[in-house]
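S.K.: Got a structure here, written out as C-alpha cells. Questions coming.
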Amino acid sequence: KDAFKKAVQIDPNNPIVHKELGEAYYKTRAFDTMITEFKKYLELSPGDAKARGIILKIYFENKDFDKCAEEAAKGLKTEPNNLDYFRYEIYSYYELKRFKDANEAIKKFWQTPGLVAKQTDYVYSARIANAVGDTTQAVGYYKTALQNDSTNCDLLSEYIKVVYQQLRHYDEAVGLYNSKKAKCGLTSLDIYYLGRCYNLTGDS
C-alpha cells in the first residue's frame, strides 16, 4: 500500500496506480478510501465497468442509495446499455422511494438489447409497479418471481398483501395464506389478516 501511495505522489495522473491503491484499500475493507481512489481512477479511465461495479456494490450494500443512484447514472452516460448500472440505479430509486423515477427507468431497462433478466429484476419490477398503482403489472411480475422462487416466504407475503389490499380478492388471499402456512408458517400479522379475509368472504 505504501508503495502505491508513493507512486500516486510521483505520478498522480496515472490511472492504474489509483486502481492498484484502491484495490489495496479494498482488501483491508477501508471502503471509503477505496472508493476515493477508484473514483479518481474512473475519472482518468472511465471505461472500466468492473471498477464502477465494485463502487456501486459497496454503496448499495451500505444502503447509501443516493450515492449509488448518482454513480450508476454516471456510468449509464458512457454505457447506456450496461444492465448492472441500470439495476443499481433502479433499485436505489425504489429504496429512496423515488417511485416515478424508478418506474421510468425500469421501463427503459426492459427494452435493453440482449437483456437476460435476474430474479431481482422481477421482484423490483413488481414492487415498483405496485408503488405507482399499476396493480396488474405488479401481479404479473410477482407471479413470475414466485414461479422462479416458490419457497421465498417474504416475497409471498408481499404478493398476498397486493391480492388482499389492492385486488381485494379475499378468497384467493385465504388460499395463499394457507399455502404460506404450509410452507413456512404464519406471523401474528398474517393470522390477523387471514381472519379479516375469512370475515370478508363471509366464512368465519
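How things are named: the first chain in the C-alpha cells is A, the next is B, and so on; residues count from 1 in each chain; ligands count from 1 in the order shown.
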Please list as a list in words every residue within 9 Å of stretch 57-68 of chain A, counting only C-alpha atoms and excluding residues in the same chain fewer than 2 positions away.

M.R.: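 Selected residues are Phe31, Ile35, Arg52, Gly53, Ile54, Ile55, Glu70, Glu71, Ala72, Ala73, Tyr88, Glu89, Tyr91, Ser92, Tyr93, Glu95 and Leu96 of chain A.
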
S.K.: Restrict the selected residues to N, CA and C atoms and save them as a CSV table (one decimal), in the first residue's frame.

M.R.:
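The resulting selection.csv:
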```csv
chain,number,residue,atom,x,y,z
A,31,PHE,N,-13.2,1.0,2.9
A,31,PHE,CA,-14.1,1.2,1.7
A,31,PHE,C,-14.2,2.7,1.3
A,35,ILE,N,-13.0,3.8,-2.4
A,35,ILE,CA,-13.9,4.5,-3.3
A,35,ILE,C,-13.3,5.7,-3.9
A,52,ARG,N,-16.3,0.4,-11.5
A,52,ARG,CA,-17.5,1.1,-11.1
A,52,ARG,C,-18.5,0.2,-10.5
A,53,GLY,N,-18.6,-1.1,-10.9
A,53,GLY,CA,-19.5,-2.1,-10.3
A,53,GLY,C,-19.1,-2.3,-8.9
A,54,ILE,N,-17.9,-2.3,-8.5
A,54,ILE,CA,-17.4,-2.5,-7.1
A,54,ILE,C,-17.9,-1.4,-6.3
A,55,ILE,N,-17.8,-0.2,-6.8
A,55,ILE,CA,-18.2,1.0,-6.1
A,55,ILE,C,-19.7,1.0,-5.8
A,70,GLU,N,-26.5,8.0,-8.1
A,70,GLU,CA,-25.7,9.0,-8.7
A,70,GLU,C,-24.6,8.4,-9.5
A,71,GLU,N,-23.9,7.4,-8.9
A,71,GLU,CA,-22.8,6.8,-9.6
A,71,GLU,C,-23.2,5.9,-10.7
A,72,ALA,N,-24.4,5.2,-10.6
A,72,ALA,CA,-24.9,4.4,-11.7
A,72,ALA,C,-25.3,5.3,-12.9
A,73,ALA,N,-25.9,6.5,-12.6
A,73,ALA,CA,-26.2,7.4,-13.7
A,73,ALA,C,-25.0,7.9,-14.4
A,88,TYR,N,-28.6,-1.0,-10.5
A,88,TYR,CA,-28.3,-0.3,-9.3
A,88,TYR,C,-29.1,1.1,-9.3
A,89,GLU,N,-29.2,1.7,-10.4
A,89,GLU,CA,-30.0,2.9,-10.5
A,89,GLU,C,-31.4,2.7,-10.1
A,91,TYR,N,-32.9,0.0,-8.6
A,91,TYR,CA,-33.1,-0.5,-7.2
A,91,TYR,C,-33.0,0.7,-6.2
A,92,SER,N,-32.0,1.5,-6.4
A,92,SER,CA,-31.7,2.6,-5.5
A,92,SER,C,-32.9,3.6,-5.5
A,93,TYR,N,-33.4,3.9,-6.7
A,93,TYR,CA,-34.6,4.8,-6.8
A,93,TYR,C,-35.7,4.3,-6.0
A,95,GLU,N,-35.6,2.2,-3.4
A,95,GLU,CA,-35.3,2.2,-1.9
A,95,GLU,C,-35.3,3.7,-1.4
A,96,LEU,N,-35.1,4.6,-2.3
A,96,LEU,CA,-35.2,6.1,-1.9
A,96,LEU,C,-36.7,6.6,-2.0
```

S.K.: Which residue is closest to A:Gly114? Choose from A:Ala126, A:Gly195, A:Asn81, A:Arg29 and count only C-alpha atoms.

M.R.: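 Ranked by minimum distance to A:Gly114, first place goes to A:Asn81.
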
S.K.: Which residues are close to A:Lys108, i.e. within 12 Å by only C-alpha atoms, leaving aside same-chain residues fewer than 5 positions away? Reply as a ChimeraX atom specification.

M.R.: /A:76,80-83,86-87,89-90,101-103,113,115,125

S.K.: Kindly save the residues from that selection, with N, CA and C atoms included, as a PDB file, in the first residue's frame.

M.R.:
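result-v9.pdb written:
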```pdb
ATOM      1  N   LEU A  76     -24.077   5.108 -16.794  1.00  0.00           N
ATOM      2  CA  LEU A  76     -25.014   4.964 -17.916  1.00  0.00           C
ATOM      3  C   LEU A  76     -24.782   6.011 -19.005  1.00  0.00           C
ATOM      4  N   PRO A  80     -24.821   3.200 -21.930  1.00  0.00           N
ATOM      5  CA  PRO A  80     -26.276   3.266 -21.708  1.00  0.00           C
ATOM      6  C   PRO A  80     -26.980   1.925 -21.666  1.00  0.00           C
ATOM      7  N   ASN A  81     -26.330   0.854 -22.112  1.00  0.00           N
ATOM      8  CA  ASN A  81     -26.956  -0.471 -22.090  1.00  0.00           C
ATOM      9  C   ASN A  81     -26.339  -1.402 -21.053  1.00  0.00           C
ATOM     10  N   ASN A  82     -25.589  -0.835 -20.111  1.00  0.00           N
ATOM     11  CA  ASN A  82     -24.982  -1.650 -19.067  1.00  0.00           C
ATOM     12  C   ASN A  82     -26.057  -2.057 -18.053  1.00  0.00           C
ATOM     13  N   LEU A  83     -26.403  -3.326 -18.031  1.00  0.00           N
ATOM     14  CA  LEU A  83     -27.518  -3.807 -17.222  1.00  0.00           C
ATOM     15  C   LEU A  83     -27.269  -3.643 -15.728  1.00  0.00           C
ATOM     16  N   PHE A  86     -27.878  -0.079 -14.756  1.00  0.00           N
ATOM     17  CA  PHE A  86     -29.330   0.097 -14.766  1.00  0.00           C
ATOM     18  C   PHE A  86     -29.948  -0.432 -13.478  1.00  0.00           C
ATOM     19  N   ARG A  87     -29.552  -1.648 -13.126  1.00  0.00           N
ATOM     20  CA  ARG A  87     -30.131  -2.281 -11.929  1.00  0.00           C
ATOM     21  C   ARG A  87     -29.871  -1.452 -10.684  1.00  0.00           C
ATOM     22  N   GLU A  89     -29.227   1.680 -10.406  1.00  0.00           N
ATOM     23  CA  GLU A  89     -29.974   2.934 -10.464  1.00  0.00           C
ATOM     24  C   GLU A  89     -31.438   2.700 -10.090  1.00  0.00           C
ATOM     25  N   ILE A  90     -32.059   1.699 -10.711  1.00  0.00           N
ATOM     26  CA  ILE A  90     -33.482   1.411 -10.478  1.00  0.00           C
ATOM     27  C   ILE A  90     -33.731   0.984  -9.042  1.00  0.00           C
ATOM     28  N   ASP A 101     -39.341   7.934 -10.743  1.00  0.00           N
ATOM     29  CA  ASP A 101     -38.049   7.764 -11.423  1.00  0.00           C
ATOM     30  C   ASP A 101     -37.746   6.282 -11.637  1.00  0.00           C
ATOM     31  N   ALA A 102     -38.041   5.472 -10.627  1.00  0.00           N
ATOM     32  CA  ALA A 102     -37.798   4.034 -10.735  1.00  0.00           C
ATOM     33  C   ALA A 102     -38.646   3.425 -11.846  1.00  0.00           C
ATOM     34  N   ASN A 103     -39.891   3.860 -11.933  1.00  0.00           N
ATOM     35  CA  ASN A 103     -40.797   3.316 -12.952  1.00  0.00           C
ATOM     36  C   ASN A 103     -40.352   3.690 -14.360  1.00  0.00           C
ATOM     37  N   PRO A 113     -31.336  -4.052 -25.228  1.00  0.00           N
ATOM     38  CA  PRO A 113     -30.972  -5.172 -26.111  1.00  0.00           C
ATOM     39  C   PRO A 113     -30.166  -6.236 -25.372  1.00  0.00           C
ATOM     40  N   LEU A 115     -31.127  -8.318 -23.076  1.00  0.00           N
ATOM     41  CA  LEU A 115     -31.445  -8.436 -21.654  1.00  0.00           C
ATOM     42  C   LEU A 115     -31.641  -9.900 -21.244  1.00  0.00           C
ATOM     43  N   SER A 125     -39.436  -4.974 -10.155  1.00  0.00           N
ATOM     44  CA  SER A 125     -40.468  -4.541 -11.104  1.00  0.00           C
ATOM     45  C   SER A 125     -41.844  -4.638 -10.466  1.00  0.00           C
TER      46      SER A 125
END
```

S.K.: Name all residues at most 12 Å from A:Thr144 (count only C-alpha atoms; drop same-chain ones fewer than 5 positions away) and give them as a list of chain:residue names.

M.R.: A:Ala117, A:Lys118, A:Gln119, A:Thr120, A:Asp121, A:Tyr122, A:Val123, A:Tyr124, A:Ser125, A:Ala126, A:Gln137, A:Ala138, A:Val139, A:Asp149, A:Ser150, A:Leu155, A:Leu156, A:Tyr159

S.K.: Can you pull out every residue within 10 Å of A:Val174, counting only C-alpha atoms, but drop anything in the same chain fewer than 6 positions away, and send it as a ChimeraX atom specification?

M.R.: /A:160,163-164,180,193-198,201

S.K.: Mind writing the picked residues with all heavy atoms as a compact mmCIF listing (two decimals), in the first residue's frame?

M.R.:
```txt
# COMPACT_ATOMS: atom_id res chain seq x y z
N ILE A 160 -49.28 -11.57 -1.36
CA ILE A 160 -50.58 -11.72 -0.69
C ILE A 160 -51.14 -10.35 -0.30
O ILE A 160 -52.34 -10.09 -0.41
CB ILE A 160 -50.47 -12.62 0.55
CG1 ILE A 160 -50.03 -14.02 0.17
CG2 ILE A 160 -51.82 -12.70 1.27
CD1 ILE A 160 -49.70 -14.92 1.36
N VAL A 163 -52.78 -8.91 -3.26
CA VAL A 163 -54.04 -9.61 -3.55
C VAL A 163 -55.12 -9.19 -2.57
O VAL A 163 -56.28 -8.95 -2.94
CB VAL A 163 -53.83 -11.14 -3.50
CG1 VAL A 163 -55.16 -11.88 -3.60
CG2 VAL A 163 -52.90 -11.58 -4.63
N TYR A 164 -54.75 -9.07 -1.30
CA TYR A 164 -55.71 -8.73 -0.25
C TYR A 164 -56.10 -7.25 -0.27
O TYR A 164 -57.29 -6.91 -0.27
CB TYR A 164 -55.11 -9.11 1.11
CG TYR A 164 -55.84 -8.54 2.31
CD1 TYR A 164 -57.18 -8.85 2.55
CD2 TYR A 164 -55.19 -7.71 3.21
CE1 TYR A 164 -57.85 -8.33 3.65
CE2 TYR A 164 -55.84 -7.19 4.31
CZ TYR A 164 -57.18 -7.50 4.53
OH TYR A 164 -57.84 -6.97 5.61
N LYS A 180 -48.92 -20.40 2.40
CA LYS A 180 -47.77 -19.91 3.15
C LYS A 180 -47.64 -20.63 4.48
O LYS A 180 -46.54 -20.97 4.92
CB LYS A 180 -47.88 -18.40 3.38
CG LYS A 180 -46.63 -17.83 4.05
CD LYS A 180 -46.76 -16.38 4.45
CE LYS A 180 -45.51 -15.94 5.20
NZ LYS A 180 -45.64 -14.61 5.80
N TYR A 193 -54.65 -10.88 9.36
CA TYR A 193 -55.20 -10.60 8.03
C TYR A 193 -55.97 -11.80 7.47
O TYR A 193 -56.96 -11.64 6.76
CB TYR A 193 -54.09 -10.19 7.06
CG TYR A 193 -53.63 -8.77 7.24
CD1 TYR A 193 -52.29 -8.45 7.44
CD2 TYR A 193 -54.55 -7.72 7.21
CE1 TYR A 193 -51.88 -7.13 7.61
CE2 TYR A 193 -54.15 -6.40 7.38
CZ TYR A 193 -52.81 -6.12 7.59
OH TYR A 193 -52.42 -4.82 7.76
N LEU A 194 -55.52 -13.00 7.80
CA LEU A 194 -56.25 -14.19 7.39
C LEU A 194 -57.66 -14.19 8.00
O LEU A 194 -58.65 -14.49 7.32
CB LEU A 194 -55.50 -15.46 7.80
CG LEU A 194 -56.18 -16.80 7.50
CD1 LEU A 194 -56.49 -16.93 6.00
CD2 LEU A 194 -55.32 -17.96 7.97
N GLY A 195 -57.73 -13.81 9.27
CA GLY A 195 -59.04 -13.71 9.91
C GLY A 195 -59.91 -12.67 9.24
O GLY A 195 -61.12 -12.87 9.04
N ARG A 196 -59.29 -11.54 8.87
CA ARG A 196 -60.03 -10.48 8.18
C ARG A 196 -60.57 -11.00 6.84
O ARG A 196 -61.70 -10.71 6.46
CB ARG A 196 -59.11 -9.28 7.92
CG ARG A 196 -58.68 -8.53 9.16
CD ARG A 196 -59.63 -7.43 9.52
NE ARG A 196 -59.69 -6.42 8.46
CZ ARG A 196 -60.63 -5.49 8.40
NH1 ARG A 196 -61.59 -5.45 9.30
NH2 ARG A 196 -60.63 -4.59 7.43
N CYS A 197 -59.73 -11.74 6.13
CA CYS A 197 -60.16 -12.28 4.84
C CYS A 197 -61.35 -13.24 5.01
O CYS A 197 -62.30 -13.20 4.22
CB CYS A 197 -59.00 -13.02 4.16
SG CYS A 197 -57.70 -11.94 3.52
N TYR A 198 -61.27 -14.10 6.01
CA TYR A 198 -62.39 -15.01 6.28
C TYR A 198 -63.68 -14.23 6.55
O TYR A 198 -64.76 -14.56 6.04
CB TYR A 198 -62.08 -15.93 7.47
CG TYR A 198 -61.28 -17.15 7.12
CD1 TYR A 198 -60.10 -17.46 7.80
CD2 TYR A 198 -61.71 -18.03 6.12
CE1 TYR A 198 -59.37 -18.61 7.49
CE2 TYR A 198 -60.98 -19.17 5.81
CZ TYR A 198 -59.82 -19.45 6.48
OH TYR A 198 -59.08 -20.58 6.16
N THR A 201 -65.05 -12.74 3.35
CA THR A 201 -65.66 -13.71 2.44
C THR A 201 -66.93 -14.31 3.03
O THR A 201 -67.62 -15.07 2.37
CB THR A 201 -64.68 -14.87 2.13
OG1 THR A 201 -64.33 -15.51 3.35
CG2 THR A 201 -63.43 -14.35 1.45
```

S.K.: Using only C-alpha atoms, which of the listed residues (A:Thr135, A:Thr33, A:Ser179, A:Gln111) sits closest to A:Asn152?

M.R.: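 Closest candidate: A:Ser179.
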
S.K.: Compare A:Thr136, A:Ala69, A:Phe99, A:Ala51 by their minimum atom-to-atom distance to A:Leu167, counting only C-alpha atoms, and give me the closest one.

M.R.: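 Result for the nearest residue to A:Leu167: A:Thr136.
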
S.K.: Just list as an MDAnalysis selection string whatever in chain A DSSP marks as alpha helix (DSSP H).

M.R.: chainID A and resid 2:10 15:27 31:44 49:61 65:78 83:95 99:109 119:131 135:148 153:161 170:184 188:201

S.K.: Take the residues from that selection and put them in a file with C-alpha atoms, as a compact mmCIF listing (two decimals), in the first residue's frame.

M.R.:
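What ended up in out00.txt:
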```
# COMPACT_ATOMS: atom_id res chain seq x y z
CA ASP A 2 2.80 2.43 0.92
CA ALA A 3 4.48 1.80 -2.43
CA PHE A 4 1.26 2.70 -4.28
CA LYS A 5 0.91 5.86 -2.19
CA LYS A 6 4.40 6.94 -3.22
CA ALA A 7 3.60 6.11 -6.83
CA VAL A 8 0.49 8.32 -6.69
CA GLN A 9 2.58 11.20 -5.33
CA ILE A 10 5.07 10.75 -8.15
CA PRO A 15 -4.97 5.72 -13.57
CA ILE A 16 -3.51 2.25 -12.92
CA VAL A 17 -1.75 3.40 -9.76
CA HIS A 18 -5.02 4.74 -8.34
CA LYS A 19 -6.72 1.45 -9.18
CA GLU A 20 -3.99 -0.61 -7.51
CA LEU A 21 -4.12 1.59 -4.42
CA GLY A 22 -7.90 1.30 -4.35
CA GLU A 23 -7.67 -2.50 -4.53
CA ALA A 24 -5.19 -2.48 -1.64
CA TYR A 25 -7.65 -0.49 0.46
CA TYR A 26 -10.47 -2.84 -0.60
CA LYS A 27 -8.56 -5.84 0.77
CA PHE A 31 -14.07 1.19 1.72
CA ASP A 32 -14.32 4.99 1.91
CA THR A 33 -10.69 5.42 0.90
CA MET A 34 -11.01 2.67 -1.70
CA ILE A 35 -13.95 4.46 -3.31
CA THR A 36 -11.98 7.73 -3.42
CA GLU A 37 -9.14 6.01 -5.30
CA PHE A 38 -11.47 4.12 -7.63
CA LYS A 39 -13.34 7.33 -8.49
CA LYS A 40 -10.05 9.03 -9.33
CA TYR A 41 -9.16 6.02 -11.47
CA LEU A 42 -12.51 6.26 -13.29
CA GLU A 43 -12.02 9.99 -13.90
CA LEU A 44 -8.77 9.16 -15.65
CA ALA A 49 -17.21 -1.29 -15.76
CA LYS A 50 -15.82 -3.72 -13.18
CA ALA A 51 -14.31 -0.93 -11.07
CA ARG A 52 -17.51 1.11 -11.13
CA GLY A 53 -19.46 -2.05 -10.32
CA ILE A 54 -17.44 -2.53 -7.13
CA ILE A 55 -18.22 1.04 -6.06
CA LEU A 56 -21.93 0.51 -6.75
CA LYS A 57 -21.99 -2.78 -4.85
CA ILE A 58 -20.46 -1.17 -1.77
CA TYR A 59 -22.80 1.83 -1.88
CA PHE A 60 -25.86 -0.41 -2.25
CA GLU A 61 -24.85 -2.90 0.46
CA PHE A 65 -28.72 4.73 -2.13
CA ASP A 66 -28.31 8.40 -3.10
CA LYS A 67 -24.65 7.88 -3.98
CA CYS A 68 -25.40 4.55 -5.63
CA ALA A 69 -28.02 6.09 -7.93
CA GLU A 70 -25.70 9.01 -8.74
CA GLU A 71 -22.76 6.76 -9.57
CA ALA A 72 -24.94 4.44 -11.68
CA ALA A 73 -26.23 7.43 -13.65
CA LYS A 74 -22.64 8.46 -14.39
CA GLY A 75 -21.91 5.00 -15.73
CA LEU A 76 -25.01 4.96 -17.92
CA LYS A 77 -23.85 8.14 -19.66
CA THR A 78 -20.89 6.25 -21.12
CA LEU A 83 -27.52 -3.81 -17.22
CA ASP A 84 -25.74 -3.69 -13.87
CA TYR A 85 -25.65 0.12 -13.87
CA PHE A 86 -29.33 0.10 -14.77
CA ARG A 87 -30.13 -2.28 -11.93
CA TYR A 88 -28.32 -0.27 -9.28
CA GLU A 89 -29.97 2.93 -10.46
CA ILE A 90 -33.48 1.41 -10.48
CA TYR A 91 -33.14 -0.47 -7.20
CA SER A 92 -31.72 2.63 -5.50
CA TYR A 93 -34.56 4.82 -6.79
CA TYR A 94 -37.04 2.36 -5.29
CA GLU A 95 -35.26 2.24 -1.93
CA PHE A 99 -41.06 5.60 -7.43
CA LYS A 100 -41.75 7.71 -10.52
CA ASP A 101 -38.05 7.76 -11.42
CA ALA A 102 -37.80 4.03 -10.73
CA ASN A 103 -40.80 3.32 -12.95
CA GLU A 104 -39.46 5.37 -15.86
CA ALA A 105 -36.04 3.75 -15.54
CA ILE A 106 -37.35 0.18 -15.34
CA LYS A 107 -39.44 0.64 -18.48
CA LYS A 108 -36.23 1.53 -20.33
CA PHE A 109 -34.44 -1.35 -18.63
CA GLN A 119 -34.84 -12.74 -10.17
CA THR A 120 -34.32 -9.35 -8.52
CA ASP A 121 -35.48 -7.65 -11.73
CA TYR A 122 -38.90 -9.26 -11.42
CA VAL A 123 -39.08 -8.55 -7.69
CA TYR A 124 -38.24 -4.86 -8.04
CA SER A 125 -40.47 -4.54 -11.10
CA ALA A 126 -43.35 -5.89 -9.01
CA ARG A 127 -42.61 -3.53 -6.13
CA ILE A 128 -42.25 -0.52 -8.38
CA ALA A 129 -45.44 -1.27 -10.33
CA ASN A 130 -47.32 -1.64 -7.07
CA ALA A 131 -45.85 1.61 -5.73
CA THR A 135 -51.58 -3.45 -9.82
CA THR A 136 -51.98 -5.56 -12.96
CA GLN A 137 -48.28 -5.24 -13.80
CA ALA A 138 -47.33 -5.83 -10.17
CA VAL A 139 -49.30 -9.08 -10.03
CA GLY A 140 -47.71 -10.32 -13.26
CA TYR A 141 -44.19 -9.67 -12.01
CA TYR A 142 -44.91 -11.18 -8.58
CA LYS A 143 -46.27 -14.34 -10.20
CA THR A 144 -43.15 -14.69 -12.35
CA ALA A 145 -40.88 -14.08 -9.37
CA LEU A 146 -42.73 -16.68 -7.29
CA GLN A 147 -42.58 -19.20 -10.11
CA ASN A 148 -38.81 -18.74 -10.05
CA CYS A 153 -41.90 -16.59 2.08
CA ASP A 154 -41.12 -12.86 2.29
CA LEU A 155 -41.91 -12.48 -1.39
CA LEU A 156 -45.10 -14.49 -0.97
CA SER A 157 -46.13 -12.15 1.85
CA GLU A 158 -45.64 -9.14 -0.44
CA TYR A 159 -47.78 -10.76 -3.11
CA ILE A 160 -50.58 -11.72 -0.69
CA LYS A 161 -50.69 -8.12 0.53
CA TYR A 170 -60.23 -12.33 -0.39
CA ASP A 171 -60.86 -15.96 -1.35
CA GLU A 172 -57.56 -16.04 -3.23
CA ALA A 173 -55.79 -14.39 -0.31
CA VAL A 174 -57.14 -17.09 2.03
CA GLY A 175 -55.72 -19.77 -0.24
CA LEU A 176 -52.37 -18.02 -0.43
CA TYR A 177 -52.18 -17.59 3.35
CA ASN A 178 -52.89 -21.30 3.81
CA SER A 179 -50.20 -22.08 1.24
CA LYS A 180 -47.77 -19.91 3.15
CA LYS A 181 -48.77 -21.59 6.41
CA ALA A 182 -47.88 -24.98 4.95
CA LYS A 183 -44.53 -23.76 3.61
CA CYS A 184 -43.18 -21.58 6.38
CA SER A 188 -49.18 -12.88 14.02
CA LEU A 189 -49.93 -10.21 11.42
CA ASP A 190 -50.63 -12.89 8.81
CA ILE A 191 -53.07 -14.57 11.19
CA TYR A 192 -54.83 -11.25 11.76
CA TYR A 193 -55.20 -10.60 8.03
CA LEU A 194 -56.25 -14.19 7.39
CA GLY A 195 -59.04 -13.71 9.91
CA ARG A 196 -60.03 -10.48 8.18
CA CYS A 197 -60.16 -12.28 4.84
CA TYR A 198 -62.39 -15.01 6.28
CA ASN A 199 -64.74 -12.35 7.64
CA LEU A 200 -64.84 -10.52 4.31
CA THR A 201 -65.66 -13.71 2.44
```
